[in-house]
Amino acid sequence: MTMRAPSNISTRAARAAERISRDGAWGEDPPATLEALGAGLQVCRRCDLWRAATQAVGGAGPSGAALMLVGEQPGDQEDLAGAPFVGPAGRVLDRALRKAGAPREEIYVTNAVKHFKHDLRGKRRLHKTPGAGEVSACRWWLDAERRLLRPKVIVAMGATAALGVFRRPTPIGANRGRAFPLDGGGQGVVTFHPSFVLRAPEEAGKAEALAAIVADLKFAWELAAG
Ligand code: URA
């Protein structure tokens, strides 16, 4: 079955998207531009998460960015807006980036999984952590983003992002503060997910979590600039 791409994208990108998304087309060439990638995402059927999501949420930022940040998956607000990290976790990320002296507009921000996985509780959509199968299915897109951008440094924010980037479970606390060579080029760094700050019960815990993320982002920004 061939999926139809949305009509607000160029015909060439839409055709490429339909080709990429064809059922069983795992061997298809990856998209050649960020535009084609964005179009392909909207018709992606590599796992079932598209069914309950409003739209796929691709990365945002300049194609020449030396630093790529990878989160888990879009949240409720990102799913509606079609952009990554625009909700509460995004505000924490913005604050951490400001403190780290790393301008968000010079950084490419994306997620390991591009559709919002959630449970419905009445009208509320409650975040559900993506499984390893979904991370693996969506890695095709993350790898495509990496191939197009070739960032010097990739920061995996949280365990799901680390699984997407490093292809194996990578505990965050034990691996912070170091850079690891990545298959396919560049270096990988881990930090806590910004929502860790939101979930910390005490003010002191929130401040500590934020300080850790700031330190890791500063490290990654300087590494990418070097
Ligand atoms: N959390 C994420 O991991 N990514 C987003 O885009 C928003 C919240």
# chains A, B, ... in the order shown; residues from 1 in each chain; ligands from 1

$ select_by_dssp --residues "chain A" --states "strand (DSSP E)" --output "list of chain:residue names"
A:Leu67, A:Met68, A:Leu69, A:Val70, A:Gly71, A:Tyr108, A:Val109, A:Thr110, A:Asn111, A:His118, A:Asp119, A:Leu120, A:Arg121, A:Arg124, A:Arg125, A:Leu126, A:His127, A:Val153, A:Ile154, A:Val155, A:Ala156, A:Met157, A:Phe180, A:Pro181, A:Gln187, A:Gly188, A:Val189, A:Val190, A:Thr191

$ residues_near_ligand --ligand "ligand 1" --cutoff "12 Å" --atoms "only C-alpha atoms and all ligand atoms" --output "MDAnalysis selection string"
chainID A and resid 56:60 69:94 108:117 127:130 156:162 164 192:198

$ residues_around --residues "A:Ala220" --least-positions-apart "6" --cutoff "12 Å" --atoms "only C-alpha atoms" --output "VMD selection string"
chain A and resid 66 to 69 97 100 to 102 107 151 to 157 176 to 180 186 to 191 213 to 214 226

$ select_by_dssp --residues "stretch 102-195 of chain A" --states "helix (DSSP H, G or I)" --output "PyMOL selection string"
chain A and resi 104-106+132-149+159-166+172-175+195

$ closest_atom_pairs --of "stretch 83-179 of chain A" --to "stretch 207-211 of chain A" --cutoff "9 Å" --atoms "only C-alpha atoms" --output "tab-separated table"
residue	atom	partner	partner_atom	distance
A:Val92	CA	A:Leu210	CA	8.1
A:Arg95	CA	A:Leu210	CA	8.8
A:Ala96	CA	A:Leu210	CA	6.7
A:Lys99	CA	A:Ala211	CA	8.9
